[in-house]
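Shown next: data-v7.txt, containing compact mmCIF, C-alpha atoms.
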# COMPACT_ATOMS: atom_id res chain seq x y z
CA MET F 211 -65.36 173.49 32.97
CA VAL F 212 -66.45 172.50 29.45
CA ASP F 213 -65.47 169.95 26.82
CA PHE F 214 -63.35 171.49 24.06
CA GLY F 215 -61.82 169.29 21.39
CA GLY F 216 -61.94 166.33 23.76
CA TRP F 217 -60.23 168.22 26.59
CA GLU F 218 -61.78 169.44 29.83
CA MET F 219 -61.17 173.16 29.67
CA PRO F 220 -61.99 176.15 31.90
CA GLN F 221 -64.63 178.45 30.46
CA GLN F 222 -63.74 180.91 33.21
CA TYR F 223 -61.92 180.98 36.55
CA THR F 224 -63.53 184.09 38.10
CA SER F 225 -65.55 186.05 35.55
CA ILE F 226 -65.07 186.38 31.80
CA ARG F 227 -65.25 190.16 32.17
CA ASP F 228 -62.47 190.35 34.78
CA GLU F 229 -60.25 187.96 32.84
CA HIS F 230 -60.92 189.89 29.62
CA PHE F 231 -59.89 193.19 31.22
CA ALA F 232 -56.79 191.61 32.79
CA VAL F 233 -55.57 190.56 29.32
CA ARG F 234 -56.22 194.01 27.86
CA LYS F 235 -54.84 196.06 30.79
CA VAL F 236 -52.12 193.90 32.37
CA ALA F 237 -51.82 190.22 31.37
CA GLY F 238 -53.77 186.99 31.54
CA LEU F 239 -52.49 183.42 31.75
CA PHE F 240 -54.12 180.75 29.57
CA ASP F 241 -53.53 177.01 29.69
CA VAL F 242 -53.67 176.05 26.01
CA SER F 243 -52.19 172.58 26.34
CA HIS F 244 -55.13 171.26 24.34
CA MET F 245 -53.53 172.55 21.13
CA GLY F 246 -51.80 169.87 19.05
CA ARG F 247 -47.98 169.92 18.87
CA PHE F 248 -46.09 168.05 16.16
CA ARG F 249 -42.37 167.68 15.52
CA ILE F 250 -41.45 167.32 11.83
CA ALA F 251 -37.89 166.32 10.92
CA GLY F 252 -35.76 164.06 8.75
CA GLY F 253 -35.22 163.98 5.01
CA SER F 254 -36.17 167.21 3.29
CA SER F 255 -38.70 168.36 5.87
CA LEU F 256 -38.66 171.87 4.38
CA ASP F 257 -39.70 170.61 0.96
CA PHE F 258 -42.35 168.40 2.55
CA LEU F 259 -43.90 171.26 4.51
CA GLN F 260 -43.68 173.64 1.56
CA HIS F 261 -45.88 171.16 -0.32
CA LEU F 262 -48.43 171.13 2.53
CA VAL F 263 -48.80 174.77 3.60
CA THR F 264 -49.85 177.94 1.78
CA ASN F 265 -47.22 180.34 3.11
CA ASP F 266 -43.56 180.33 2.11
CA LEU F 267 -41.32 178.75 4.76
CA GLY F 268 -38.19 179.28 2.66
CA PRO F 269 -37.15 182.64 4.17
CA LEU F 270 -37.53 181.39 7.76
CA VAL F 271 -34.35 180.85 9.76
CA HIS F 272 -33.85 179.05 13.08
CA GLY F 273 -35.85 180.88 15.74
CA GLN F 274 -38.64 182.17 13.51
CA ALA F 275 -42.30 181.09 13.38
CA GLN F 276 -44.95 181.67 10.73
CA TYR F 277 -48.76 181.64 10.61
CA ASN F 278 -49.94 179.19 8.00
CA LEU F 279 -52.80 177.24 6.46
CA LEU F 280 -53.29 173.64 5.36
CA CYS F 281 -55.61 173.46 2.35
CA ASN F 282 -57.23 170.66 0.39
CA GLU F 283 -56.98 170.33 -3.40
CA GLY F 284 -60.00 172.61 -3.82
CA GLY F 285 -58.44 175.36 -1.72
CA GLY F 286 -60.63 174.77 1.34
CA ILE F 287 -58.97 175.27 4.71
CA ILE F 288 -58.20 171.99 6.49
CA ASP F 289 -56.70 173.86 9.45
CA ASP F 290 -54.71 176.91 10.44
CA LEU F 291 -51.44 176.45 12.31
CA VAL F 292 -48.18 178.06 13.37
CA VAL F 293 -44.97 176.51 12.03
CA TYR F 294 -41.69 176.97 13.93
CA ARG F 295 -38.30 176.45 12.26
CA GLY F 296 -35.72 175.00 14.61
CA SER F 297 -32.09 173.99 14.17
CA GLU F 298 -32.99 170.34 13.56
CA GLY F 299 -36.35 170.54 11.82
CA PHE F 300 -39.77 172.06 12.35
CA PHE F 301 -42.48 172.22 14.97
CA ALA F 302 -46.17 172.84 14.26
CA VAL F 303 -49.05 173.86 16.54
CA VAL F 304 -52.51 172.91 15.27
CA ASN F 305 -56.07 173.18 16.57
CA ALA F 306 -57.11 170.73 19.27
CA SER F 307 -60.21 169.52 17.45
CA ASN F 308 -58.13 168.74 14.35
CA ARG F 309 -55.06 167.18 15.99
CA GLU F 310 -55.70 163.53 15.16
CA ARG F 311 -57.01 164.30 11.68
CA ASP F 312 -54.12 166.66 10.88
CA LEU F 313 -51.58 164.10 12.10
CA LYS F 314 -53.06 161.35 9.96
CA TRP F 315 -53.28 163.63 6.92
CA MET F 316 -49.67 164.77 7.27
CA GLN F 317 -48.49 161.18 7.67
CA GLU F 318 -50.37 160.18 4.52
CA GLN F 319 -48.64 162.94 2.55
CA ALA F 320 -45.16 162.30 3.96
CA PRO F 321 -42.52 160.67 1.73
CA PRO F 322 -40.06 158.11 3.14
CA GLY F 323 -37.58 159.61 5.58
CA ILE F 324 -39.92 162.23 7.05
CA GLU F 325 -40.60 161.85 10.78
CA ILE F 326 -43.82 163.29 12.23
CA GLU F 327 -44.06 162.96 15.99
CA ASP F 328 -47.07 163.96 18.12
CA ARG F 329 -45.65 165.64 21.22
CA THR F 330 -48.92 167.03 22.53
CA PHE F 331 -48.88 165.02 25.75
CA GLU F 332 -45.17 165.47 26.45
CA LEU F 333 -45.26 169.26 26.30
CA GLY F 334 -47.58 171.62 28.10
CA LEU F 335 -48.40 174.97 26.49
CA LEU F 336 -49.16 178.19 28.35
CA ALA F 337 -50.03 181.57 26.83
CA PHE F 338 -49.16 184.70 28.84
CA GLN F 339 -50.85 187.59 27.04
CA GLY F 340 -51.13 191.31 27.70
CA PRO F 341 -49.37 194.68 27.37
CA ARG F 342 -47.27 193.99 30.50
CA ALA F 343 -46.49 190.35 29.69
CA GLN F 344 -42.79 190.94 29.03
CA GLU F 345 -42.37 192.92 32.25
CA LEU F 346 -44.19 190.37 34.42
CA LEU F 347 -43.00 187.06 32.96
CA PRO F 348 -40.38 185.54 35.31
CA ALA F 349 -37.78 185.28 32.55
CA GLU F 350 -34.82 187.34 31.37
CA GLY F 351 -33.53 188.64 28.06
CA LEU F 352 -36.77 188.88 26.11
CA GLU F 353 -36.50 192.55 25.12
CA ASP F 354 -35.06 191.75 21.69
CA LEU F 355 -37.24 188.72 20.94
CA PRO F 356 -39.26 189.79 17.86
CA TYR F 357 -42.91 189.11 17.16
CA PHE F 358 -43.14 185.54 15.83
CA GLY F 359 -39.64 184.81 17.12
CA PHE F 360 -38.78 182.09 19.64
CA ARG F 361 -35.85 180.76 21.64
CA GLY F 362 -35.02 178.44 24.50
CA GLY F 363 -34.75 179.90 27.99
CA ASP F 364 -35.74 179.58 31.62
CA VAL F 365 -39.09 180.67 33.01
CA ALA F 366 -39.09 180.69 36.82
CA GLY F 367 -35.93 178.58 36.62
CA ILE F 368 -37.54 175.90 34.44
CA HIS F 369 -36.46 175.31 30.85
CA ALA F 370 -38.99 176.34 28.20
CA LEU F 371 -39.26 177.23 24.55
CA ILE F 372 -40.43 180.86 24.64
CA SER F 373 -42.33 182.13 21.59
CA ARG F 374 -43.53 185.71 21.08
CA THR F 375 -46.88 184.66 19.65
CA GLY F 376 -50.49 184.60 20.80
CA TYR F 377 -54.18 184.69 19.99
CA THR F 378 -55.47 187.79 21.76
CA GLY F 379 -54.16 190.77 19.77
CA GLU F 380 -51.84 191.69 22.65
CA ASP F 381 -48.13 191.29 23.09
CA GLY F 382 -47.24 188.12 24.92
CA PHE F 383 -45.62 184.74 24.92
CA GLU F 384 -46.48 181.10 24.40
CA LEU F 385 -44.42 178.75 26.55
CA PHE F 386 -43.66 175.12 25.69
CA ILE F 387 -42.74 173.28 28.89
CA ASN F 388 -42.35 169.62 29.79
CA SER F 389 -45.74 168.47 31.04
CA ASP F 390 -44.43 167.40 34.44
CA ARG F 391 -43.16 170.94 35.13
CA VAL F 392 -45.88 173.08 33.58
CA GLY F 393 -47.83 173.44 36.85
CA GLU F 394 -44.79 174.94 38.57
CA VAL F 395 -44.43 177.56 35.84
CA TRP F 396 -48.16 178.34 35.99
CA ASP F 397 -47.97 178.97 39.75
CA ALA F 398 -44.81 181.07 39.45
CA ILE F 399 -46.30 183.36 36.78
CA LEU F 400 -49.47 183.96 38.80
CA GLU F 401 -47.48 184.62 41.97
CA ARG F 402 -45.18 187.09 40.18
CA GLY F 403 -48.12 188.96 38.61
CA GLN F 404 -50.62 188.86 41.47
CA GLU F 405 -50.09 192.41 42.75
CA ALA F 406 -50.18 193.81 39.20
CA GLY F 407 -53.57 192.19 38.52
CA VAL F 408 -52.59 189.15 36.44
CA LEU F 409 -55.40 186.57 36.33
CA PRO F 410 -55.78 183.04 35.00
CA ALA F 411 -58.06 183.25 31.96
CA GLY F 412 -60.38 180.71 30.35
CA LEU F 413 -61.97 180.04 26.99
CA GLY F 414 -64.52 182.85 27.37
CA ALA F 415 -61.85 185.56 27.61
CA ARG F 416 -59.79 183.85 24.91
CA ASP F 417 -62.69 183.90 22.45
CA ALA F 418 -63.64 187.49 23.22
CA THR F 419 -60.10 188.83 22.87
CA ARG F 420 -59.34 186.90 19.66
CA LEU F 421 -62.63 188.13 18.13
CA GLU F 422 -61.88 191.76 19.04
CA ALA F 423 -58.60 191.33 17.16
CA ALA F 424 -60.53 189.67 14.27
CA LEU F 425 -58.43 186.52 14.55
CA ARG F 426 -60.20 183.67 12.78
CA LEU F 427 -61.36 180.52 14.54
CA TRP F 428 -61.32 177.27 12.60
CA GLY F 429 -64.74 175.61 12.66
CA ASN F 430 -66.48 178.99 12.97
CA ASP F 431 -64.97 181.51 10.57
CA MET F 432 -63.32 178.97 8.28
CA ASP F 433 -63.36 175.29 7.41
CA GLU F 434 -62.94 173.11 4.32
CA THR F 435 -65.81 174.93 2.58
CA VAL F 436 -64.03 178.28 2.98
CA ASN F 437 -60.88 179.31 1.09
CA PRO F 438 -58.18 181.69 2.38
CA TYR F 439 -59.35 184.61 0.24
CA GLU F 440 -62.90 184.34 1.58
CA ALA F 441 -61.55 184.19 5.14
CA GLY F 442 -59.48 187.34 4.61
CA LEU F 443 -56.29 185.29 4.87
CA GLY F 444 -55.10 185.63 1.30
CA TRP F 445 -51.88 187.19 2.63
CA THR F 446 -50.84 183.70 3.79
CA VAL F 447 -50.99 182.30 0.24
CA LYS F 448 -47.67 182.55 -1.60
CA LEU F 449 -48.44 181.25 -5.08
CA GLY F 450 -45.00 182.25 -6.32
CA LYS F 451 -43.18 179.71 -4.14
CA GLY F 452 -44.13 176.79 -6.38
CA SER F 453 -46.76 174.07 -6.39
CA PHE F 454 -48.44 173.01 -3.14
CA ILE F 455 -51.66 171.23 -2.25
CA GLY F 456 -54.49 173.50 -3.34
CA SER F 457 -52.31 175.94 -5.27
CA ASP F 458 -54.02 175.40 -8.64
CA ALA F 459 -57.46 176.05 -7.16
CA LEU F 460 -56.23 179.07 -5.20
CA GLN F 461 -54.60 180.54 -8.30
CA LYS F 462 -57.98 180.41 -10.04
CA ILE F 463 -59.87 181.82 -7.03
CA LYS F 464 -57.43 184.73 -6.78
CA ALA F 465 -57.74 185.49 -10.49
CA GLU F 466 -61.54 185.42 -10.46
CA GLY F 467 -61.91 187.01 -7.02
CA PRO F 468 -63.55 185.37 -3.98
CA ARG F 469 -67.32 184.99 -4.06
CA ARG F 470 -67.67 185.63 -0.33
CA THR F 471 -65.89 187.71 2.28
CA LEU F 472 -65.80 188.19 6.04
CA ILE F 473 -67.04 191.50 7.45
CA GLY F 474 -67.25 192.97 10.94
CA LEU F 475 -70.54 193.89 12.59
CA LYS F 476 -71.38 195.95 15.65
CA THR F 477 -74.75 195.55 17.37
CA GLU F 478 -76.52 197.25 20.25
CA ALA F 479 -76.15 196.15 23.86
CA GLY F 480 -77.96 192.89 24.54
CA ASN F 481 -78.15 191.91 20.86
CA ILE F 482 -75.46 189.24 20.54
CA ALA F 483 -75.54 187.57 17.13
CA ARG F 484 -74.26 184.01 17.47
CA HIS F 485 -72.66 181.56 15.04
CA GLY F 486 -75.12 180.46 12.37
CA ALA F 487 -77.50 183.41 12.73
CA ALA F 488 -78.76 185.07 9.54
CA VAL F 489 -77.63 188.45 8.23
CA MET F 490 -80.43 190.27 6.37
CA SER F 491 -80.46 193.26 4.03
CA GLY F 492 -83.46 194.64 2.17
CA GLY F 493 -85.62 191.85 3.54
CA LYS F 494 -83.40 189.16 2.03
CA ARG F 495 -80.80 186.84 3.54
CA ALA F 496 -77.38 188.30 2.76
CA GLY F 497 -75.06 186.10 4.79
CA VAL F 498 -74.43 184.29 8.05
CA ILE F 499 -72.75 185.08 11.37
CA THR F 500 -69.58 183.03 11.85
CA SER F 501 -68.57 184.33 15.32
CA GLY F 502 -70.25 186.63 17.79
CA THR F 503 -69.88 187.68 21.41
CA HIS F 504 -70.21 190.62 23.79
CA SER F 505 -67.03 192.67 24.02
CA PHE F 506 -66.74 193.74 27.65
CA PHE F 507 -63.73 195.87 26.77
CA LEU F 508 -65.41 197.75 23.91
CA GLY F 509 -68.78 197.82 25.63
CA TYR F 510 -70.97 196.33 22.89
CA PRO F 511 -71.55 193.07 20.99
CA ILE F 512 -69.39 192.29 17.94
CA ALA F 513 -69.53 189.64 15.23
CA LEU F 514 -67.88 188.35 12.08
CA ALA F 515 -70.16 187.46 9.17
CA MET F 516 -69.63 185.71 5.85
CA VAL F 517 -71.42 187.58 3.06
CA GLU F 518 -71.35 187.86 -0.71
CA ALA F 519 -68.22 189.74 -1.79
CA GLY F 520 -68.75 193.42 -2.61
CA THR F 521 -72.18 193.56 -0.96
CA PHE F 522 -71.43 195.86 1.97
CA ARG F 523 -69.16 198.75 2.88
CA VAL F 524 -68.14 200.12 6.27
CA GLY F 525 -71.01 202.15 7.68
CA ASP F 526 -73.79 200.16 6.00
CA ARG F 527 -76.71 199.03 8.13
CA VAL F 528 -77.98 195.46 8.14
CA VAL F 529 -80.26 193.28 10.27
CA VAL F 530 -79.09 190.22 12.21
CA GLU F 531 -81.00 187.39 13.81
CA VAL F 532 -80.80 187.40 17.63
CA ARG F 533 -82.69 184.67 19.50
CA GLY F 534 -85.42 184.45 16.87
CA ARG F 535 -85.91 188.18 16.40
CA GLU F 536 -84.35 190.87 14.21
CA ALA F 537 -81.85 193.40 15.52
CA PRO F 538 -80.03 196.28 13.78
CA ALA F 539 -76.28 196.07 13.11
CA GLU F 540 -73.63 198.26 11.51
CA VAL F 541 -70.76 197.15 9.27
CA VAL F 542 -67.48 198.27 10.87
CA LYS F 543 -63.80 198.14 9.96
CA LEU F 544 -61.71 195.16 11.05
CA PRO F 545 -60.13 194.52 13.42
CA PHE F 546 -62.50 195.76 16.08
CA TYR F 547 -59.51 196.42 18.37
CA ARG F 548 -55.74 196.80 17.86
CA GLY F 549 -53.72 195.77 20.87
CA SER F 550 -50.08 195.78 21.91
CA ALA F 551 -49.11 192.92 19.57
CA ARG F 552 -48.65 195.46 16.80
CA SER F 553 -46.11 197.41 18.84
CA ALA F 554 -44.14 194.37 20.03
CA ALA F 555 -40.51 194.15 18.98
CA SER F 556 -40.23 193.95 15.17
CA PRO F 557 -43.86 193.08 14.46
CA THR F 558 -44.40 191.35 11.14
CA ARG F 559 -46.87 189.16 9.32
CA SER F 560 -44.80 186.49 7.65
Have the structure of the file written as C-alpha cells, please.
Amino acid sequence: MVDFGGWEMPQQYTSIRDEHFAVRKVAGLFDVSHMGRFRIAGGSSLDFLQHLVTNDLGPLVHGQAQYNLLCNEGGGIIDDLVVYRGSEGFFAVVNASNRERDLKWMQEQAPPGIEIEDRTFELGLLAFQGPRAQELLPAEGLEDLPYFGFRGGDVAGIHALISRTGYTGEDGFELFINSDRVGEVWDAILERGQEAGVLPAGLGARDATRLEAALRLWGNDMDETVNPYEAGLGWTVKLGKGSFIGSDALQKIKAEGPRRTLIGLKTEAGNIARHGAAVMSGGKRAGVITSGTHSFFLGYPIALAMVEAGTFRVGDRVVVEVRGREAPAEVVKLPFYRGSARSAASPTRS
C-alpha cells in the first residue's frame, strides 16, 4: 500500500506483472475511488463549463462523456478530466491530487446559480478493464454502449452508472456506485471472472498499461508549465467554439507552433528511464523523461520524454540517464501499444 493523492492505495495485490497481463489478456479490476467526482448543475451549467474547458461540450447529448482539459490564462494545463453530460446537468471526474484545488478553482469561476457539489466520498469508482470486460462484467445490455458513452444500470444487482471509459488502452467500464455498496460489486466482479483469470489490479499495473497506450499523466507528462499542444493533446482544444480560459494564449501557441513535444522512447532490458532523467543527443541535453517504466507485456522498458519540437524522428537514437549512467534509447512511434479500446463499439475521440 502507498500514499497517492492523500489516499492509501494498492501498488499491487499479487504481482504487477500478473496484473498487467490480466488487463491485456482478460480483464483487471481497479479501485479508482481516489479520483475526484463533481456534480455541476443549475443555471447555464453548459455555458459555465464551456468557459472552463478546452473541448467543445456543445455537441454532447445525455449519455455521452468527453475527455477534456482545464487550462490557465497562459494555456498551461491545470488538470485533465472527463466530463459527463446527464439529463439534469454535468458530472466531472478529476485527478485525486488536484481534487481540492480543482473544486476551489471551479467555485471561484462559477457565476450565481451554478451548483458544484463534491460527491467523491458518496460514490465509489471501479474500473473493469480488458478485452473480455464486457463479457465478464455481471451486467446486461452493454453491447450497444459506445466508447465514451454511459447509462444507468445494475451490476450484480446493484444500481450503478456504467461508463465505457478507462485509462489502460483496453475496452472496459468505469462504474460509479454508492460507497456503501461498492465492496459488494467488487466481490461479485472478481467472483464472476475468477475462472477466466480476472485479477484485482493496483497502481503499478495501471501506470504500465496507461503508459503503453501513451495516455498522459498529470504531474508527470503535463502540468501548468505544459500546454496541450506540447502534451500532444491539441485535439482537445476547440478554438472555434468561442472564448474560454486560456483560449487567447492557445490560439497564439497553435499559430506559432509548440516549442516542445512529447516523444516515445524504447530502451534495452534493465535500462528504465524514470521521471526527471535527462535525454541526451550529440553530447548535449535534449530533453527530459516525463514517464518511464518496464513494460512486462511488450518485454522492454518504455518512456515518454519532453524534447524540443522537431528535434527527433522515429528511428533516431538518443541517450538517456539511468541511475546515474548513460543508456542507449530509440525514438519510437506512439502509442507503444494499441489495445481493444479502439475496437470497442463506436470508438471516437470527442
Which residue, F:Ile368, F:Ile250, F:Val436, F:Val271, has the smallest gap to Ile324 of chain F when you use all atoms listed in the file?
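Selected residue with least distance to Ile324 of chain F: F:Ile250.
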Kindly extract all protein, DNA and RNA residues lying within 10 Å of the coordinates (-57.4, 189.2, 21.8) given in the file, considering all atoms listed in the file, and supply them as a list in words.
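Returned residue set, sorted by chain then number, is His230, Val233, Arg234, Gln339, Gly340, Gly376, Tyr377, Thr378, Gly379, Glu380, Asp381, Ala415, Arg416, Asp417, Ala418, Thr419, Arg420, Leu421, Glu422, Ala423, Ala424, Leu425, Tyr547, Arg548, Gly549, Ser550 and Ala551 of chain F.
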I need the residue nearest Pro322 of chain F from this list: F:Ser254, F:Gln221, F:Cys281, F:Phe338. Use all atoms listed in the file for the distance.
F:Ser254
Pick from F:Ile482, F:Leu400, F:Phe240, F:Glu518, whichever lies nearest to Glu384 of chain F using only C-alpha atoms
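For Glu384 of chain F, the nearest of the given residues is F:Phe240.
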Separation of atom CA of Met432 of chain F and atom CA of Arg309 of chain F, in Å?
16.3 Å
Contact residues around segment 225-227 of chain F with all atoms listed in the file at 9 Å, ignoring same-chain residues under 3 positions, as a list in words
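Contacts, with the query itself left out: Gln221, Gln222, His230, Phe231, Ala232, Ala411, Gly412, Leu413, Gly414, Ala415, Ala418, Ser505, Phe506 and Phe507 of chain F.
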Would you work out the distance separating atom CA of Glu536 of chain F from atom CA of Gly492 of chain F, expressed in Å to one decimal?
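Atom CA of Gly492 of chain F lies 12.6 Å from atom CA of Glu536 of chain F.
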Pairwise distance for atom CA of Ala275 of chain F and atom CA of Gln319 of chain F, rounded to one decimal in Å:
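Going from atom CA of Ala275 of chain F over to atom CA of Gln319 of chain F, I get 22.1 Å.
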So, counting all atoms listed in the file, which residue among F:Val304, F:Ala513, F:Ile399, F:Leu279 is closest to Asn437 of chain F?
F:Leu279
Between F:Tyr294, F:Phe522, F:Tyr277, F:Phe454, single out the one closest to Thr471 of chain F, counting all atoms listed in the file.
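Ranking F:Tyr294, F:Phe522, F:Tyr277, F:Phe454 by distance to Thr471 of chain F, first place goes to F:Phe522.
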Counting all atoms listed in the file, the residue of F:Arg311, F:Arg426, F:Lys451, F:Arg374 that sits nearest Ile288 of chain F
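Checking each candidate against Ile288 of chain F, we get F:Arg311 as the closest.
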Set the distance at 12 Å and use all atoms listed in the file: which residues neighbour Asp397 of chain F once local chain neighbours fewer than 5 positions away are removed? I'd like the list as a list in words.
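My reading of the contact set: Leu239, Asp241, Leu336, Leu347, Pro348, Val365, Ala366, Arg391, Val392, Arg402, Gly403, Gln404, Val408, Leu409 and Pro410 of chain F.
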